[in-house]
>>> print(open('protein-v3.cif').read())   # mmCIF, C-alpha atoms
data_my_file
#
loop_
_atom_site.label_atom_id
_atom_site.label_comp_id
_atom_site.auth_asym_id
_atom_site.auth_seq_id
_atom_site.Cartn_x
_atom_site.Cartn_y
_atom_site.Cartn_z
CA MET Y 1 -88.23 19.52 13.12
CA ALA Y 2 -87.05 15.98 13.88
CA VAL Y 3 -83.52 15.60 15.17
CA ARG Y 4 -81.33 13.31 13.12
CA THR Y 5 -79.92 10.39 15.06
CA TYR Y 6 -77.00 8.07 14.46
CA SER Y 7 -76.77 4.29 14.68
CA LEU Y 8 -73.91 1.84 15.07
CA PRO Y 9 -72.41 1.03 11.65
CA PRO Y 10 -71.77 -2.67 11.01
CA LEU Y 11 -68.17 -3.79 10.76
CA PRO Y 12 -66.99 -4.64 7.22
CA TYR Y 13 -65.51 -7.92 8.53
CA ALA Y 14 -66.15 -10.50 11.27
CA TYR Y 15 -65.16 -9.79 14.86
CA ASP Y 16 -62.38 -12.39 14.71
CA ALA Y 17 -61.09 -11.31 11.29
CA LEU Y 18 -58.25 -9.20 12.66
CA GLU Y 19 -56.77 -11.89 14.89
CA PRO Y 20 -54.10 -12.30 16.09
CA SER Y 21 -53.33 -8.58 15.81
CA ILE Y 22 -56.61 -7.59 17.51
CA SER Y 23 -58.61 -10.23 19.36
CA LYS Y 24 -62.27 -11.07 18.82
CA GLN Y 25 -63.00 -10.13 22.44
CA ILE Y 26 -61.57 -6.65 22.03
CA MET Y 27 -63.39 -6.09 18.75
CA GLU Y 28 -66.74 -7.13 20.22
CA LEU Y 29 -66.39 -4.92 23.29
CA HIS Y 30 -64.88 -2.02 21.38
CA HIS Y 31 -67.57 -1.99 18.70
CA GLN Y 32 -70.69 -3.12 20.55
CA LYS Y 33 -70.05 -1.37 23.88
CA HIS Y 34 -67.65 1.54 23.55
CA HIS Y 35 -68.65 2.80 20.10
CA GLN Y 36 -72.33 2.26 20.86
CA THR Y 37 -72.00 4.30 24.06
CA TYR Y 38 -70.60 7.26 22.13
CA ILE Y 39 -73.53 7.06 19.71
CA THR Y 40 -76.13 6.76 22.48
CA ASN Y 41 -74.74 9.77 24.33
CA LEU Y 42 -74.35 11.77 21.10
CA ASN Y 43 -78.00 11.23 20.22
CA LYS Y 44 -79.08 12.27 23.73
CA ALA Y 45 -77.00 15.45 23.56
CA LEU Y 46 -78.25 16.35 20.08
CA ALA Y 47 -81.87 15.86 21.18
CA ALA Y 48 -81.37 17.93 24.34
CA SER Y 49 -79.68 20.71 22.39
CA ALA Y 50 -82.45 20.83 19.78
CA ALA Y 51 -85.18 20.81 22.44
CA ALA Y 52 -83.53 23.67 24.29
CA LEU Y 53 -83.23 25.73 21.10
CA ALA Y 54 -86.87 25.08 20.29
CA GLU Y 55 -87.75 26.57 23.66
CA GLY Y 56 -85.49 29.56 23.12
CA LYS Y 57 -83.03 28.43 25.79
CA LEU Y 58 -79.73 29.07 24.11
CA GLN Y 59 -77.84 28.64 27.37
CA ASP Y 60 -79.19 25.10 27.80
CA SER Y 61 -78.46 24.25 24.20
CA ALA Y 62 -74.90 25.53 24.56
CA ALA Y 63 -74.47 23.37 27.66
CA GLN Y 64 -74.65 20.32 25.40
CA LEU Y 65 -71.79 21.37 23.15
CA SER Y 66 -69.04 19.61 25.10
CA ALA Y 67 -71.02 16.34 25.08
CA ILE Y 68 -71.68 16.68 21.35
CA ARG Y 69 -68.01 17.34 20.66
CA PHE Y 70 -66.77 14.45 22.80
CA ASN Y 71 -69.31 11.82 21.78
CA GLY Y 72 -69.54 13.06 18.22
CA GLY Y 73 -65.77 12.79 18.00
CA GLY Y 74 -65.98 9.27 19.39
CA HIS Y 75 -68.46 8.28 16.71
CA ILE Y 76 -66.47 9.93 13.93
CA ASN Y 77 -63.14 8.45 15.02
CA HIS Y 78 -64.42 4.92 15.44
CA SER Y 79 -66.38 4.95 12.19
CA LEU Y 80 -63.20 5.89 10.33
CA PHE Y 81 -61.08 3.46 12.36
CA TRP Y 82 -63.16 0.36 11.54
CA GLU Y 83 -62.91 1.15 7.85
CA ASN Y 84 -59.14 1.58 7.88
CA LEU Y 85 -58.64 -1.97 9.22
CA SER Y 86 -58.61 -5.16 7.17
CA PRO Y 87 -57.77 -8.84 7.69
CA SER Y 88 -54.06 -9.39 7.13
CA SER Y 89 -54.83 -12.01 4.48
CA SER Y 90 -56.72 -9.49 2.33
CA PRO Y 91 -55.05 -7.85 -0.68
CA ASP Y 92 -56.25 -4.58 0.85
CA ALA Y 93 -53.63 -5.00 3.60
CA GLN Y 94 -50.73 -4.86 1.12
CA ALA Y 95 -49.58 -1.25 0.93
CA SER Y 96 -47.50 -1.45 -2.24
CA THR Y 97 -50.32 -2.82 -4.38
CA ALA Y 98 -53.41 -1.45 -2.62
CA ALA Y 99 -52.10 2.09 -2.14
CA PRO Y 100 -49.57 2.95 -4.86
CA GLN Y 101 -50.11 6.72 -4.81
CA LEU Y 102 -50.17 6.95 -1.03
CA SER Y 103 -47.09 4.73 -0.76
CA GLN Y 104 -45.22 7.02 -3.14
CA ALA Y 105 -46.30 10.09 -1.15
CA ILE Y 106 -45.18 8.47 2.11
CA GLU Y 107 -41.77 7.66 0.67
CA SER Y 108 -41.47 11.19 -0.64
CA ALA Y 109 -42.32 12.67 2.77
CA TRP Y 110 -40.41 10.32 5.07
CA GLY Y 111 -37.85 8.64 2.82
CA SER Y 112 -39.21 5.12 3.20
CA ALA Y 113 -42.21 3.20 4.51
CA GLU Y 114 -40.09 2.01 7.44
CA ARG Y 115 -39.17 5.55 8.48
CA PHE Y 116 -42.81 6.59 8.22
CA ARG Y 117 -43.93 3.72 10.46
CA SER Y 118 -41.21 4.58 12.95
CA ALA Y 119 -42.30 8.23 13.02
CA PHE Y 120 -45.97 7.27 13.35
CA ALA Y 121 -45.18 4.78 16.13
CA GLY Y 122 -43.21 7.42 17.99
CA ALA Y 123 -46.13 9.82 17.80
CA LEU Y 124 -48.60 7.17 18.96
CA LEU Y 125 -46.49 6.05 21.89
CA GLY Y 126 -45.90 9.67 22.87
CA ILE Y 127 -49.61 10.30 23.49
CA GLN Y 128 -50.17 11.08 27.17
CA GLY Y 129 -53.34 9.39 28.41
CA SER Y 130 -56.00 8.60 25.82
CA GLY Y 131 -56.08 9.81 22.25
CA TRP Y 132 -55.66 9.12 18.56
CA GLY Y 133 -52.92 9.29 16.00
CA TRP Y 134 -53.73 10.24 12.41
CA LEU Y 135 -52.04 10.47 9.07
CA VAL Y 136 -53.74 13.41 7.37
CA ARG Y 137 -53.57 15.13 4.01
CA GLU Y 138 -53.30 18.83 4.63
CA ALA Y 139 -55.98 20.92 2.99
CA SER Y 140 -53.68 23.85 2.23
CA THR Y 141 -50.70 21.96 0.79
CA GLY Y 142 -51.87 18.44 -0.06
CA GLN Y 143 -48.89 17.16 1.92
CA LEU Y 144 -49.02 14.31 4.42
CA ARG Y 145 -48.63 14.99 8.12
CA ILE Y 146 -48.85 12.94 11.34
CA VAL Y 147 -51.02 14.45 14.05
CA THR Y 148 -52.07 13.31 17.51
CA LEU Y 149 -55.32 14.35 19.15
CA ALA Y 150 -56.34 13.98 22.79
CA ASN Y 151 -59.34 12.01 24.01
CA GLN Y 152 -61.99 11.97 21.25
CA GLU Y 153 -60.97 15.06 19.35
CA ALA Y 154 -61.43 14.36 15.64
CA VAL Y 155 -59.91 15.56 12.37
CA VAL Y 156 -62.76 17.96 11.68
CA GLU Y 157 -61.11 21.40 11.62
CA GLY Y 158 -59.05 23.11 8.98
CA GLY Y 159 -60.26 20.96 6.11
CA ASP Y 160 -57.60 18.25 6.52
CA VAL Y 161 -58.46 14.77 5.24
CA PRO Y 162 -58.07 11.85 7.69
CA VAL Y 163 -56.20 9.14 5.78
CA LEU Y 164 -55.32 6.60 8.46
CA GLY Y 165 -56.03 6.56 12.20
CA VAL Y 166 -55.01 4.48 15.21
CA ASP Y 167 -56.99 4.36 18.45
CA MET Y 168 -54.70 4.71 21.49
CA TRP Y 169 -57.37 4.48 24.16
CA GLU Y 170 -56.72 1.56 26.52
CA HIS Y 171 -59.98 -0.11 25.52
CA ALA Y 172 -58.48 -0.63 22.05
CA TYR Y 173 -55.70 -2.92 23.27
CA TYR Y 174 -55.52 -3.50 27.04
CA LEU Y 175 -57.39 -6.82 27.28
CA GLN Y 176 -54.90 -8.34 24.87
CA TYR Y 177 -51.69 -6.37 25.27
CA LEU Y 178 -52.02 -5.09 28.87
CA ASN Y 179 -49.50 -2.25 29.13
CA GLY Y 180 -47.66 -3.37 25.99
CA LYS Y 181 -48.69 -0.47 23.82
CA ALA Y 182 -45.63 -0.82 21.61
CA ALA Y 183 -46.62 -4.38 20.63
CA TYR Y 184 -50.14 -3.18 19.79
CA VAL Y 185 -48.76 -0.42 17.59
CA GLU Y 186 -46.36 -2.84 15.88
CA ASN Y 187 -49.05 -5.41 15.16
CA ILE Y 188 -51.71 -3.01 13.94
CA TRP Y 189 -49.68 -2.42 10.78
CA LYS Y 190 -50.51 -6.00 9.78
CA VAL Y 191 -54.23 -5.17 9.58
CA VAL Y 192 -54.24 -1.72 7.98
CA ASN Y 193 -56.66 -1.35 5.09
CA TRP Y 194 -54.36 0.38 2.63
CA LYS Y 195 -57.00 0.35 -0.08
CA MET Y 196 -59.22 2.54 2.11
CA ALA Y 197 -56.29 4.77 3.00
CA GLU Y 198 -55.54 5.20 -0.70
CA ALA Y 199 -59.16 6.13 -1.42
CA ARG Y 200 -59.11 8.78 1.31
CA TYR Y 201 -55.77 10.13 0.14
CA VAL Y 202 -56.81 10.58 -3.50
CA GLY Y 203 -60.44 11.47 -2.73
CA GLY Y 204 -62.14 14.48 -1.23
CA ARG Y 205 -62.89 15.27 2.38
CA GLU Y 206 -66.54 14.33 1.97
CA ASP Y 207 -65.51 10.93 0.63
CA ALA Y 208 -63.55 10.25 3.82
CA PHE Y 209 -66.58 10.97 5.98
CA LYS Y 210 -69.22 9.26 3.87
CA SER Y 211 -69.68 6.44 6.39
CA LEU Y 212 -71.16 8.96 8.81
CA ARG Y 213 -74.02 9.70 6.43
CA ALA Y 214 -74.68 5.98 6.12
CA SER Y 215 -75.03 5.66 9.91
CA MET Y 216 -77.76 8.31 10.18
#
>>> encode(input="protein-v3.cif", output="structure tokens")
Amino acid sequence: MAVRTYSLPPLPYAYDALEPSISKQIMELHHQKHHQTYITNLNKALAASAAALAEGKLQDSAAQLSAIRFNGGGHINHSLFWENLSPSSSPDAQASTAAPQLSQAIESAWGSAERFRSAFAGALLGIQGSGWGWLVREASTGQLRIVTLANQEAVVEGGDVPVLGVDMWEHAYYLQYLNGKAAYVENIWKVVNWKMAEARYVGGREDAFKSLRASM
């Protein structure tokens, strides 16, 4: 049985479309090099795991699980991340009009959009080392919650829906912001694709992850 492989999804905008919030140089390196590396290593690990199982070597297949989790998480996270960004000039970057239901839910949960952004920024800047911050819709309650995940852990357990994510690995900002993580976090709000966030919030879990099927 052939092992399914994944390929690098194209960006839904030009590499310089998010400037000045995120530079063209960062976008090119982040997408073409870092994301591609996760995909390359994921495909290798999936192939090695399948080959080992075919030979009845469960122990060798299991040895690939950490690589599949790490690189698979990298592919999942970045695929979602590209989609939840948009040029600041786009109507999709206007929360009040592009995401009315999500905006209302945010205000209900945090009191205002400003308090939500402050809480999210605090969570992002509190990440030790590399990781991600996510706004998720809880599967059990439908309520919004901010979560942080280390390294390339992804929102794949418990049925929660990833609504909006921010990459806090240094490769996402260092070439432009150096150690100024706070400025990166402040400026990324200018290029959030609120239309996509709204679609994930009101849609199902499978809808949020549909870009992964397209990259197979």
>>> resolve_selection(input="protein-v3.cif", expression="the PyMOL selection byres ((chain Y and resi 87) around 10)", output="mmCIF file with C-alpha atoms, in the frame of the given file")
data_model
loop_
_atom_site.group_PDB
_atom_site.id
_atom_site.type_symbol
_atom_site.label_atom_id
_atom_site.label_comp_id
_atom_site.auth_asym_id
_atom_site.auth_seq_id
_atom_site.Cartn_x
_atom_site.Cartn_y
_atom_site.Cartn_z
ATOM 1 C CA TYR Y 13 -65.510 -7.920 8.530
ATOM 2 C CA ALA Y 14 -66.150 -10.500 11.270
ATOM 3 C CA ASP Y 16 -62.380 -12.390 14.710
ATOM 4 C CA ALA Y 17 -61.090 -11.310 11.290
ATOM 5 C CA LEU Y 18 -58.250 -9.200 12.660
ATOM 6 C CA GLU Y 19 -56.770 -11.890 14.890
ATOM 7 C CA PRO Y 20 -54.100 -12.300 16.090
ATOM 8 C CA SER Y 21 -53.330 -8.580 15.810
ATOM 9 C CA ILE Y 22 -56.610 -7.590 17.510
ATOM 10 C CA LEU Y 85 -58.640 -1.970 9.220
ATOM 11 C CA SER Y 86 -58.610 -5.160 7.170
ATOM 12 C CA SER Y 88 -54.060 -9.390 7.130
ATOM 13 C CA SER Y 89 -54.830 -12.010 4.480
ATOM 14 C CA SER Y 90 -56.720 -9.490 2.330
ATOM 15 C CA PRO Y 91 -55.050 -7.850 -0.680
ATOM 16 C CA ASP Y 92 -56.250 -4.580 0.850
ATOM 17 C CA ALA Y 93 -53.630 -5.000 3.600
ATOM 18 C CA LYS Y 190 -50.510 -6.000 9.780
ATOM 19 C CA VAL Y 191 -54.230 -5.170 9.580
ATOM 20 C CA VAL Y 192 -54.240 -1.720 7.980
ATOM 21 C CA ASN Y 193 -56.660 -1.350 5.090
#
>>> closest_residue(input="protein-v3.cif", among="Y:Gln176, Y:Thr97, Y:Thr5, Y:Thr148", to="Ala123 of chain Y", atoms="all atoms listed in the file")
Y:Thr148
>>> atom_distance(input="protein-v3.cif", atom1="atom CA of Tyr184 of chain Y", atom2="atom CA of His171 of chain Y")
11.8 Å
>>> closest_residue(input="protein-v3.cif", among="Y:Ala172, Y:Ser118, Y:Gln101, Y:Ala95", to="Gly203 of chain Y", atoms="only C-alpha atoms")
Y:Gln101
>>> residues_around(input="protein-v3.cif", residues="Leu29 of chain Y", least_positions_apart="3", cutoff="12 Å", atoms="all atoms listed in the file", output="PyMOL selection string")
chain Y and resi 15+22-26+32-37+171-175
>>> closest_residue(input="protein-v3.cif", among="Y:Asn84, Y:Asn151, Y:Asn187, Y:Gln143", to="Arg117 of chain Y", atoms="all atoms listed in the file")
Y:Asn187
>>> closest_residue(input="protein-v3.cif", among="Y:Val161, Y:Leu46, Y:Ile127, Y:Val185", to="Ile68 of chain Y", atoms="only C-alpha atoms")
Y:Leu46
>>> closest_residue(input="protein-v3.cif", among="Y:Pro12, Y:Leu144, Y:Ile76, Y:Glu170", to="Ile106 of chain Y", atoms="only C-alpha atoms")
Y:Leu144
>>> closest_residue(input="protein-v3.cif", among="Y:Asp160, Y:Asp60, Y:Glu186, Y:Glu153", to="Arg200 of chain Y", atoms="only C-alpha atoms")
Y:Asp160
